[in-house]
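One structure is given here, and the rest of the page talks about it.
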Amino acid sequence: MRLPFLVFLFAMVAAPTTSAQDAVYVIRHAEKELSGDDPAITEEGKARASAWAEMLAHVGLDVVFTSDAKRTQQTGAIIAEELGLPLNSVNRADTAGLIDALSFDHEEDAVLVVGHAETIPGILENLGIFENTDIGQTDFANLFILLQLGVDEPRLIHMRMP
């Protein structure tokens with residue numbers, strides 16, 4: 001029962017945006033393995049990524065962006081494949097490049113960005129959200145929805161996956 005309500009809420013919130021950018025949805029990659037330089041997502045992470053796809057299926061996403069890390073690419077690939085969306089990757093240290101891609105190449109799209117606990121606060125800030133955002137290393141359930149981008153005070157909706 002929660003899922004249809006959340007999907008309905010997303011659709012209603014995203015519909016009245018007045019700026020050029022339709023909406024930007026930001027999540028952290030799903031649960032990852034605890035070892036290795038570039039860890040993959042776990043079976044639990046694969047299930048979470050699939051749940052994200054189900055949760056976001058009706059919000060009208062146009063494209064998925066990930067960093068160049070395996071865990072974001074795997075999370076994003078599951079979502080993109082389940083929703084039939086293109087998948088783009090940018091260097092995790094290149095927040096400016098991501099913002100440029102959103103602003104110039106996808107300015108009228110609804111975009112999902114799959115980031116990291118360390119990169120999401122900077123992404124939000126570069127999109128005009130200056131609230132303190134702290135994501136714990138074991139927290140994979142945050143969904144940030146940014147609306148009315150390009151105005152002085154864009155709207156931020158912060159939700160958690162049930």
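Chain labels run A, B, ... following the order of the structure tokens; each chain numbers its residues from 1, and ligands are numbered from 1 in the order shown.
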So that I can check the surroundings of range 83-94 of chain A, please list as a CSV table (one decimal) with N, CA and C atoms, in the first residue's frame every protein, DNA and RNA residue that reaches within 12 Å of it, counting only C-alpha atoms and ignoring chain neighbours fewer than 6 positions away.
chain,number,residue,atom,x,y,z
A,49,ALA,N,18.4,-1.9,-5.3
A,49,ALA,CA,18.4,-1.2,-6.6
A,49,ALA,C,17.1,-1.5,-7.4
A,50,SER,N,16.7,-2.8,-7.3
A,50,SER,CA,15.5,-3.2,-8.0
A,50,SER,C,14.3,-2.5,-7.3
A,51,ALA,N,14.3,-2.4,-6.0
A,51,ALA,CA,13.3,-1.7,-5.3
A,51,ALA,C,13.2,-0.2,-5.7
A,52,TRP,N,14.4,0.4,-5.8
A,52,TRP,CA,14.4,1.8,-6.3
A,52,TRP,C,13.8,1.9,-7.6
A,53,ALA,N,14.1,1.0,-8.5
A,53,ALA,CA,13.4,1.0,-9.9
A,53,ALA,C,11.9,0.9,-9.8
A,54,GLU,N,11.4,0.0,-8.9
A,54,GLU,CA,10.0,-0.1,-8.7
A,54,GLU,C,9.4,1.2,-8.2
A,55,MET,N,10.1,1.8,-7.2
A,55,MET,CA,9.6,3.0,-6.5
A,55,MET,C,9.6,4.2,-7.5
A,56,LEU,N,10.6,4.2,-8.4
A,56,LEU,CA,10.7,5.4,-9.3
A,56,LEU,C,10.1,5.1,-10.7
A,57,ALA,N,9.4,4.0,-10.9
A,57,ALA,CA,8.9,3.6,-12.2
A,57,ALA,C,8.0,4.6,-12.8
A,58,HIS,N,7.2,5.3,-12.0
A,58,HIS,CA,6.1,6.2,-12.5
A,58,HIS,C,6.4,7.7,-12.3
A,59,VAL,N,7.6,8.1,-12.1
A,59,VAL,CA,7.9,9.5,-11.9
A,59,VAL,C,8.4,10.2,-13.2
A,60,GLY,N,8.5,9.4,-14.2
A,60,GLY,CA,8.9,10.0,-15.5
A,60,GLY,C,10.3,10.2,-15.7
A,61,LEU,N,11.2,9.4,-15.2
A,61,LEU,CA,12.6,9.6,-15.4
A,61,LEU,C,13.0,9.4,-16.9
A,62,ASP,N,14.0,10.2,-17.3
A,62,ASP,CA,14.5,10.2,-18.7
A,62,ASP,C,15.9,9.6,-18.8
A,63,VAL,N,16.7,9.7,-17.7
A,63,VAL,CA,18.1,9.3,-17.8
A,63,VAL,C,18.6,9.0,-16.4
A,64,VAL,N,19.6,8.1,-16.3
A,64,VAL,CA,20.3,7.8,-15.1
A,64,VAL,C,21.7,8.2,-15.2
A,65,PHE,N,22.3,8.9,-14.2
A,65,PHE,CA,23.7,9.2,-14.1
A,65,PHE,C,24.3,8.5,-12.9
A,66,THR,N,25.5,8.0,-13.1
A,66,THR,CA,26.3,7.4,-12.0
A,66,THR,C,27.7,8.0,-12.0
A,67,SER,N,28.4,7.7,-11.0
A,67,SER,CA,29.8,8.0,-11.0
A,67,SER,C,30.6,6.9,-11.7
A,68,ASP,N,31.9,6.9,-11.7
A,68,ASP,CA,32.7,5.9,-12.4
A,68,ASP,C,33.0,4.7,-11.5
A,69,ALA,N,32.4,4.7,-10.3
A,69,ALA,CA,32.6,3.6,-9.4
A,69,ALA,C,31.7,2.4,-9.7
A,70,LYS,N,32.2,1.2,-9.5
A,70,LYS,CA,31.5,0.0,-9.8
A,70,LYS,C,30.1,0.0,-9.1
A,71,ARG,N,30.1,0.4,-7.8
A,71,ARG,CA,28.9,0.3,-7.0
A,71,ARG,C,27.8,1.2,-7.5
A,72,THR,N,28.1,2.4,-8.0
A,72,THR,CA,27.1,3.3,-8.5
A,72,THR,C,26.7,2.8,-9.9
A,73,GLN,N,27.6,2.4,-10.7
A,73,GLN,CA,27.3,1.9,-12.0
A,73,GLN,C,26.4,0.7,-12.0
A,74,GLN,N,26.6,-0.2,-11.0
A,74,GLN,CA,25.8,-1.4,-10.9
A,74,GLN,C,24.4,-1.0,-10.4
A,75,THR,N,24.3,-0.2,-9.4
A,75,THR,CA,23.0,0.3,-8.9
A,75,THR,C,22.2,1.0,-10.0
A,76,GLY,N,22.9,1.9,-10.7
A,76,GLY,CA,22.3,2.6,-11.8
A,76,GLY,C,21.9,1.7,-13.0
A,77,ALA,N,22.7,0.7,-13.3
A,77,ALA,CA,22.4,-0.2,-14.4
A,77,ALA,C,21.1,-1.0,-14.1
A,100,ASP,N,27.0,20.4,-15.2
A,100,ASP,CA,27.0,20.9,-16.6
A,100,ASP,C,26.1,20.0,-17.5
A,101,ALA,N,26.3,18.7,-17.3
A,101,ALA,CA,25.5,17.7,-18.1
A,101,ALA,C,24.0,17.8,-17.8
A,102,LEU,N,23.7,18.0,-16.5
A,102,LEU,CA,22.3,18.2,-16.1
A,102,LEU,C,21.7,19.5,-16.7
A,105,ASP,N,22.7,19.4,-21.2
A,105,ASP,CA,22.3,18.2,-22.0
A,105,ASP,C,21.0,17.6,-21.6
A,106,HIS,N,20.6,17.9,-20.4
A,106,HIS,CA,19.3,17.3,-19.8
A,106,HIS,C,18.5,18.3,-19.1
A,109,ASP,N,14.8,17.3,-18.6
A,109,ASP,CA,14.6,16.0,-18.3
A,109,ASP,C,14.4,15.8,-16.8
A,110,ALA,N,13.8,14.6,-16.4
A,110,ALA,CA,13.8,14.1,-15.1
A,110,ALA,C,15.0,13.2,-15.0
A,111,VAL,N,15.9,13.5,-14.1
A,111,VAL,CA,17.2,12.7,-14.0
A,111,VAL,C,17.3,12.1,-12.7
A,112,LEU,N,17.8,10.8,-12.7
A,112,LEU,CA,18.2,10.2,-11.5
A,112,LEU,C,19.8,10.2,-11.4
A,113,VAL,N,20.3,10.6,-10.3
A,113,VAL,CA,21.7,10.6,-10.0
A,113,VAL,C,22.0,9.6,-8.9
A,114,VAL,N,22.9,8.7,-9.2
A,114,VAL,CA,23.3,7.7,-8.2
A,114,VAL,C,24.7,8.1,-7.7
A,115,GLY,N,24.8,8.6,-6.5
A,115,GLY,CA,26.1,9.1,-6.0
A,115,GLY,C,26.6,8.3,-4.8
A,116,HIS,N,27.4,9.0,-4.0
A,116,HIS,CA,28.1,8.4,-2.8
A,116,HIS,C,27.7,9.3,-1.6
A,117,ALA,N,27.9,8.7,-0.4
A,117,ALA,CA,27.7,9.5,0.8
A,117,ALA,C,28.5,10.7,0.8
A,118,GLU,N,29.7,10.7,0.3
A,118,GLU,CA,30.6,11.8,0.2
A,118,GLU,C,30.3,12.8,-0.9
A,119,THR,N,29.7,12.4,-2.0
A,119,THR,CA,29.5,13.3,-3.1
A,119,THR,C,28.1,13.9,-3.1
A,120,ILE,N,27.1,13.3,-2.5
A,120,ILE,CA,25.7,13.8,-2.6
A,120,ILE,C,25.6,15.2,-2.0
A,122,GLY,N,27.7,17.6,-2.0
A,122,GLY,CA,28.2,18.6,-3.0
A,122,GLY,C,27.3,18.7,-4.2
A,123,ILE,N,26.7,17.6,-4.6
A,123,ILE,CA,25.8,17.6,-5.7
A,123,ILE,C,24.6,18.5,-5.4
A,126,ASN,N,25.6,22.2,-5.3
A,126,ASN,CA,25.8,22.7,-6.6
A,126,ASN,C,24.4,22.9,-7.4
Inset, instruction - as a VMD selection string, list the residues of range 25-139 of chain A assigned to alpha helix (DSSP H) by DSSP on the backbone atoms of this structure. - result: chain A and resid 43 to 56 70 to 83 95 to 100 120 to 126
Inset, instruction - Please give the complete set of residues from chain A that DSSP, run on the backbone, assigns to strand (DSSP E), formatted as number ranges by chain. - result: A: 23-28, 63-66, 87-89, 110-115, 142-147, 155-160
Inset, instruction - Give the answer as one residue: which of A:Ile78, A:Ala23, A:Leu34, A:Ile129 has the shortest atom-to-atom distance to Ile145 in chain A, using only C-alpha atoms? - result: A:Ala23
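Across the model, the gap from CA of Met159 in chain A to CA of Asn142 in chain A is 6.0 Å.
Residue nearest Ile157 in chain A within the list A:Asp37, A:Asp139, A:Glu131, A:Glu31: A:Glu131 [criterion: smallest interatomic distance, only C-alpha atoms].
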Legend entry - From A:Ala47, A:Met161, A:Ile135, A:Ile99, residue lying nearest Leu149 in chain A [only C-alpha atoms]: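 Result for the nearest residue to Leu149 in chain A: A:Ile99.
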Legend entry - Nearest to Asp22 in chain A, chosen from A:Thr133, A:Ser103, A:Gln148, A:Thr138, with only C-alpha atoms counted in the distances: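 The shortest atom-to-atom distance to Asp22 in chain A comes from A:Gln148.
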Inset, instruction - Figure out the distance between CA of Lys46 in chain A and CA of Ala96 in chain A, please, to one decimal in Å. - result: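 The value is 28.6 Å.
In this comparison, which uses only C-alpha atoms, the residue of A:Phe140, A:Leu124, A:Gly150, A:Asn132 approaching Tyr25 in chain A most closely is A:Leu124.
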Legend entry - Selected residue of minimal separation from Thr95 in chain A among A:Leu127, A:Val151, A:Ala80, A:Ile41, counting only C-alpha atoms: A:Leu127
Inset, instruction - Would you mind reading off the distance between CA of Val24 in chain A and CA of Ala40 in chain A, one decimal, in Å? - result: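 CA of Ala40 in chain A lies at a distance of 24.7 Å from CA of Val24 in chain A.
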